[in-house]
Amino acid sequence: MRVEISVESLDGVRVAASAGAARVELCAGLSDGGLTPSAALIEAAAELAEVHVLVRPRPGDFHYSRDEVDLVVRDIAVARRHGAAGVVVGALAGDGTVADDCARFVDAAEGLETTFHRAIDVSADSRQALDRLADLGFTRVLTSGRRRSALDGAPLIKELATRTSVTVMACGGVRAANAALVLAATGVDDLHAAPRRPAGTARAGDVSYAGVGVPPGYDRFETDPDEVAALCAVRPAS
């Protein structure tokens with residue numbers, strides 16, 4: 001079993017590395033689903049662990065403008081220069097198929113591992129999307145099987161895992177308590193999780209920098225070391 005932990009800070013990288021995670025997905029803005037992190041954070045993180053950088057120019061859907069596609073290509077180059085082992089990218093065309101721009105993303109990675117993120121879960125057809133990703137040369141794909149959790153989406157994840165040479169990584173509500181079940185139900189060897197807990201000392205009040213709907217006083221979160229350690233310690237059922 002290989003575990004990838006999604007983090008947005010150097011502390012998170014250290015937590016994942018010390019627990020024995022195979023790699024980290026490095027992001028900014030996890031509360032927005034993950035955004036492209038800074039060059040300095042990439043460089044510092046790459047000194048501590050195997051880093052795969054999420055390159056996502058904005059929150060929301062994956063139908064990108066020409067300017068946004070160009071930014072993704074430039075950010076991939078930045079990640080490569082600053083020590084990333086891989087990048088996590090994805091874009092969809094207007095009809096929900098994998099966008100042709102993804103070929104540019106693979107080319108820009110210049111040999112780095114490339115993961116197609118959960119845009120596949122909102123594509124027109126996950127099977128056709130995976131076939132296209134295999135043709136483009138993607139290393140792996142991240143999916144919850146088009147459902148909120150990996151357990152709910154397990155039948156599709158299992159089917160995708162045997163469809164092409166692209167490695168399928170299961171995500172969606174993956175925690176130590178259910179990891180063995182996810183592995184058994186999906187047949188995958190790669191799990192992705194982002195265990196977090198509230199952090200900081202912000203007091204509840206009239207001013208908050210938290211996202212909409214987040215209770216006052218919870219202005220930021222940090223990677224949960226106990227959950228990460230427990231998840232990385234899980235072993236598949238024999």
# chains A, B, ... in the order shown; residues from 1 in each chain; ligands from 1
>>> closest_atom_pairs(of="region 97-211 of chain A", to="region 12-36 of chain A", cutoff="12 Å", atoms="only C-alpha atoms", output="CSV")
residue,atom,partner,partner_atom,distance
A:Glu113,CA,A:Arg23,CA,11.8
A:Thr114,CA,A:Glu25,CA,11.6
A:Thr115,CA,A:Glu25,CA,10.0
A:His117,CA,A:Gly34,CA,10.6
A:Arg118,CA,A:Gly33,CA,10.1
A:Ala119,CA,A:Gly33,CA,11.4
A:Leu142,CA,A:Glu25,CA,11.2
A:Asp189,CA,A:Ala22,CA,11.5
A:Asp190,CA,A:Ala22,CA,9.3
A:Leu191,CA,A:Ala22,CA,9.9
A:His192,CA,A:Glu25,CA,8.8
A:Ala193,CA,A:Glu25,CA,9.5
A:Ala194,CA,A:Leu30,CA,8.7
A:Pro195,CA,A:Gly12,CA,9.9
A:Arg196,CA,A:Gly12,CA,9.4
A:Arg197,CA,A:Gly12,CA,11.4
A:Pro198,CA,A:Ser31,CA,11.8
A:Tyr209,CA,A:Ser31,CA,12.0
A:Ala210,CA,A:Ser31,CA,9.1
A:Gly211,CA,A:Ser31,CA,7.4
>>> write_last_selection(atoms="N, CA and C atoms", output="JSON list (two decimals), in the first residue's frame")
[["chain", "number", "residue", "atom", "x", "y", "z"],
["A", 113, "GLU", "N", 6.42, 12.67, -13.01],
["A", 113, "GLU", "CA", 5.17, 11.93, -12.91],
["A", 113, "GLU", "C", 3.99, 12.90, -13.00],
["A", 114, "THR", "N", 2.95, 12.45, -13.66],
["A", 114, "THR", "CA", 1.77, 13.30, -13.84],
["A", 114, "THR", "C", 0.53, 12.57, -13.33],
["A", 115, "THR", "N", -0.17, 13.22, -12.42],
["A", 115, "THR", "CA", -1.42, 12.69, -11.88],
["A", 115, "THR", "C", -2.58, 13.54, -12.37],
["A", 117, "HIS", "N", -6.15, 14.77, -11.60],
["A", 117, "HIS", "CA", -6.89, 14.85, -10.34],
["A", 117, "HIS", "C", -8.37, 14.53, -10.52],
["A", 118, "ARG", "N", -9.17, 14.90, -9.54],
["A", 118, "ARG", "CA", -10.57, 14.45, -9.50],
["A", 118, "ARG", "C", -11.47, 15.13, -10.53],
["A", 119, "ALA", "N", -10.88, 15.84, -11.45],
["A", 119, "ALA", "CA", -11.68, 16.29, -12.59],
["A", 119, "ALA", "C", -12.29, 15.08, -13.29],
["A", 142, "LEU", "N", -6.46, 10.22, -9.83],
["A", 142, "LEU", "CA", -7.06, 10.29, -8.50],
["A", 142, "LEU", "C", -8.57, 10.29, -8.65],
["A", 189, "ASP", "N", -3.69, -0.10, -4.92],
["A", 189, "ASP", "CA", -2.57, -0.11, -3.98],
["A", 189, "ASP", "C", -2.24, 1.30, -3.48],
["A", 190, "ASP", "N", -2.91, 2.31, -4.04],
["A", 190, "ASP", "CA", -2.60, 3.70, -3.71],
["A", 190, "ASP", "C", -3.82, 4.38, -3.09],
["A", 191, "LEU", "N", -3.61, 5.01, -1.94],
["A", 191, "LEU", "CA", -4.67, 5.77, -1.26],
["A", 191, "LEU", "C", -4.23, 7.21, -1.08],
["A", 192, "HIS", "N", -5.21, 8.11, -1.12],
["A", 192, "HIS", "CA", -4.97, 9.55, -0.98],
["A", 192, "HIS", "C", -5.88, 10.07, 0.11],
["A", 193, "ALA", "N", -5.33, 10.89, 1.01],
["A", 193, "ALA", "CA", -6.13, 11.46, 2.09],
["A", 193, "ALA", "C", -5.57, 12.81, 2.50],
["A", 194, "ALA", "N", -6.43, 13.60, 3.13],
["A", 194, "ALA", "CA", -6.02, 14.92, 3.63],
["A", 194, "ALA", "C", -6.56, 15.11, 5.04],
["A", 195, "PRO", "N", -6.08, 14.33, 6.00],
["A", 195, "PRO", "CA", -6.59, 14.46, 7.38],
["A", 195, "PRO", "C", -6.17, 15.79, 8.00],
["A", 196, "ARG", "N", -7.15, 16.54, 8.46],
["A", 196, "ARG", "CA", -6.85, 17.85, 9.04],
["A", 196, "ARG", "C", -7.60, 18.05, 10.34],
["A", 197, "ARG", "N", -7.11, 19.00, 11.13],
["A", 197, "ARG", "CA", -7.79, 19.39, 12.36],
["A", 197, "ARG", "C", -7.66, 20.90, 12.52],
["A", 198, "PRO", "N", -8.58, 21.54, 13.26],
["A", 198, "PRO", "CA", -8.49, 22.98, 13.47],
["A", 198, "PRO", "C", -7.17, 23.35, 14.15],
["A", 209, "TYR", "N", -11.23, 35.37, 8.95],
["A", 209, "TYR", "CA", -10.62, 35.16, 7.64],
["A", 209, "TYR", "C", -10.88, 33.75, 7.13],
["A", 210, "ALA", "N", -11.76, 33.04, 7.80],
["A", 210, "ALA", "CA", -12.10, 31.69, 7.39],
["A", 210, "ALA", "C", -13.04, 31.72, 6.20],
["A", 211, "GLY", "N", -13.21, 30.56, 5.58],
["A", 211, "GLY", "CA", -14.11, 30.45, 4.45],
["A", 211, "GLY", "C", -15.56, 30.58, 4.86]]
>>> select_by_dssp(residues="region 142-190 of chain A", states="helix (DSSP H, G or I)", output="VMD selection string")
chain A and resid 154 to 161 179 to 186
>>> write_last_selection(atoms="all heavy atoms", output="compact mmCIF listing (two decimals), in the first residue's frame")
# COMPACT_ATOMS: atom_id res chain seq x y z
N ALA A 154 -16.51 2.48 -4.91
CA ALA A 154 -15.58 1.36 -5.07
C ALA A 154 -15.80 0.52 -6.33
O ALA A 154 -14.82 0.13 -6.98
CB ALA A 154 -15.64 0.46 -3.83
N PRO A 155 -17.05 0.22 -6.73
CA PRO A 155 -17.20 -0.60 -7.94
C PRO A 155 -16.56 0.02 -9.18
O PRO A 155 -15.88 -0.67 -9.96
CB PRO A 155 -18.72 -0.71 -8.09
CG PRO A 155 -19.24 -0.58 -6.69
CD PRO A 155 -18.34 0.44 -6.05
N LEU A 156 -16.75 1.33 -9.37
CA LEU A 156 -16.15 1.98 -10.53
C LEU A 156 -14.64 2.07 -10.38
O LEU A 156 -13.89 1.86 -11.35
CB LEU A 156 -16.75 3.36 -10.74
CG LEU A 156 -16.16 4.18 -11.90
CD1 LEU A 156 -16.29 3.42 -13.22
CD2 LEU A 156 -16.85 5.55 -11.99
N ILE A 157 -14.17 2.40 -9.18
CA ILE A 157 -12.72 2.47 -8.96
C ILE A 157 -12.07 1.13 -9.31
O ILE A 157 -11.02 1.08 -9.96
CB ILE A 157 -12.40 2.86 -7.50
CG1 ILE A 157 -12.93 4.26 -7.19
CG2 ILE A 157 -10.90 2.80 -7.25
CD1 ILE A 157 -12.81 4.64 -5.72
N LYS A 158 -12.68 0.05 -8.87
CA LYS A 158 -12.13 -1.29 -9.14
C LYS A 158 -12.09 -1.57 -10.64
O LYS A 158 -11.10 -2.12 -11.15
CB LYS A 158 -12.97 -2.34 -8.42
CG LYS A 158 -12.40 -3.74 -8.51
CD LYS A 158 -13.16 -4.71 -7.63
CE LYS A 158 -12.51 -6.09 -7.64
NZ LYS A 158 -13.20 -7.02 -6.71
N GLU A 159 -13.12 -1.17 -11.34
CA GLU A 159 -13.14 -1.37 -12.79
C GLU A 159 -12.05 -0.55 -13.46
O GLU A 159 -11.33 -1.05 -14.35
CB GLU A 159 -14.51 -0.97 -13.35
CG GLU A 159 -14.60 -1.11 -14.86
CD GLU A 159 -15.91 -0.63 -15.43
OE1 GLU A 159 -16.88 -0.44 -14.66
OE2 GLU A 159 -15.98 -0.42 -16.66
N LEU A 160 -11.89 0.70 -13.07
CA LEU A 160 -10.88 1.56 -13.67
C LEU A 160 -9.47 1.04 -13.40
O LEU A 160 -8.58 1.17 -14.25
CB LEU A 160 -11.01 2.99 -13.13
CG LEU A 160 -12.30 3.74 -13.48
CD1 LEU A 160 -12.31 5.10 -12.80
CD2 LEU A 160 -12.46 3.90 -14.99
N ALA A 161 -9.27 0.46 -12.23
CA ALA A 161 -7.94 0.02 -11.83
C ALA A 161 -7.40 -1.09 -12.72
O ALA A 161 -6.19 -1.31 -12.78
CB ALA A 161 -7.95 -0.44 -10.37
N ALA A 179 -9.45 2.29 5.76
CA ALA A 179 -8.48 2.10 4.68
C ALA A 179 -8.41 0.66 4.19
O ALA A 179 -8.36 0.40 2.99
CB ALA A 179 -7.09 2.56 5.13
N ALA A 180 -8.42 -0.30 5.12
CA ALA A 180 -8.37 -1.71 4.70
C ALA A 180 -9.60 -2.08 3.89
O ALA A 180 -9.50 -2.84 2.92
CB ALA A 180 -8.23 -2.61 5.93
N LEU A 181 -10.75 -1.54 4.27
CA LEU A 181 -11.97 -1.81 3.51
C LEU A 181 -11.88 -1.22 2.11
O LEU A 181 -12.30 -1.85 1.13
CB LEU A 181 -13.18 -1.22 4.24
CG LEU A 181 -13.59 -1.89 5.56
CD1 LEU A 181 -14.72 -1.10 6.21
CD2 LEU A 181 -14.02 -3.33 5.31
N VAL A 182 -11.34 -0.01 2.00
CA VAL A 182 -11.18 0.64 0.69
C VAL A 182 -10.26 -0.19 -0.19
O VAL A 182 -10.55 -0.42 -1.38
CB VAL A 182 -10.64 2.08 0.84
CG1 VAL A 182 -10.32 2.68 -0.53
CG2 VAL A 182 -11.65 2.95 1.58
N LEU A 183 -9.15 -0.64 0.37
CA LEU A 183 -8.21 -1.45 -0.41
C LEU A 183 -8.86 -2.72 -0.92
O LEU A 183 -8.72 -3.10 -2.09
CB LEU A 183 -6.99 -1.79 0.45
CG LEU A 183 -6.06 -0.63 0.81
CD1 LEU A 183 -5.07 -1.08 1.87
CD2 LEU A 183 -5.32 -0.10 -0.40
N ALA A 184 -9.60 -3.38 -0.03
CA ALA A 184 -10.25 -4.64 -0.42
C ALA A 184 -11.35 -4.43 -1.45
O ALA A 184 -11.51 -5.22 -2.38
CB ALA A 184 -10.82 -5.31 0.82
N ALA A 185 -12.10 -3.34 -1.31
CA ALA A 185 -13.24 -3.11 -2.19
C ALA A 185 -12.82 -2.61 -3.57
O ALA A 185 -13.52 -2.85 -4.55
CB ALA A 185 -14.20 -2.11 -1.55
N THR A 186 -11.69 -1.91 -3.64
CA THR A 186 -11.28 -1.30 -4.91
C THR A 186 -10.17 -2.06 -5.62
O THR A 186 -10.01 -1.92 -6.84
CB THR A 186 -10.77 0.13 -4.67
OG1 THR A 186 -9.60 0.09 -3.82
CG2 THR A 186 -11.85 1.00 -4.02
>>> atom_distance(atom1="CA of Gly60 (chain A)", atom2="CA of Leu92 (chain A)")
12.2 Å
>>> closest_residue(among="A:Asp101, A:Glu47, A:Glu8, A:Asp95", to="Leu71 (chain A)", atoms="only C-alpha atoms")
A:Asp101
>>> atom_distance(atom1="CA of Ile120 (chain A)", atom2="CA of Thr143 (chain A)")
6.8 Å
>>> closest_residue(among="A:Gly96, A:Gly172, A:Gly83, A:Pro37", to="His63 (chain A)", atoms="only C-alpha atoms")
A:Gly96
>>> closest_residue(among="A:Ala237, A:Ala49, A:Met169, A:Val7", to="Phe221 (chain A)", atoms="only C-alpha atoms")
A:Val7
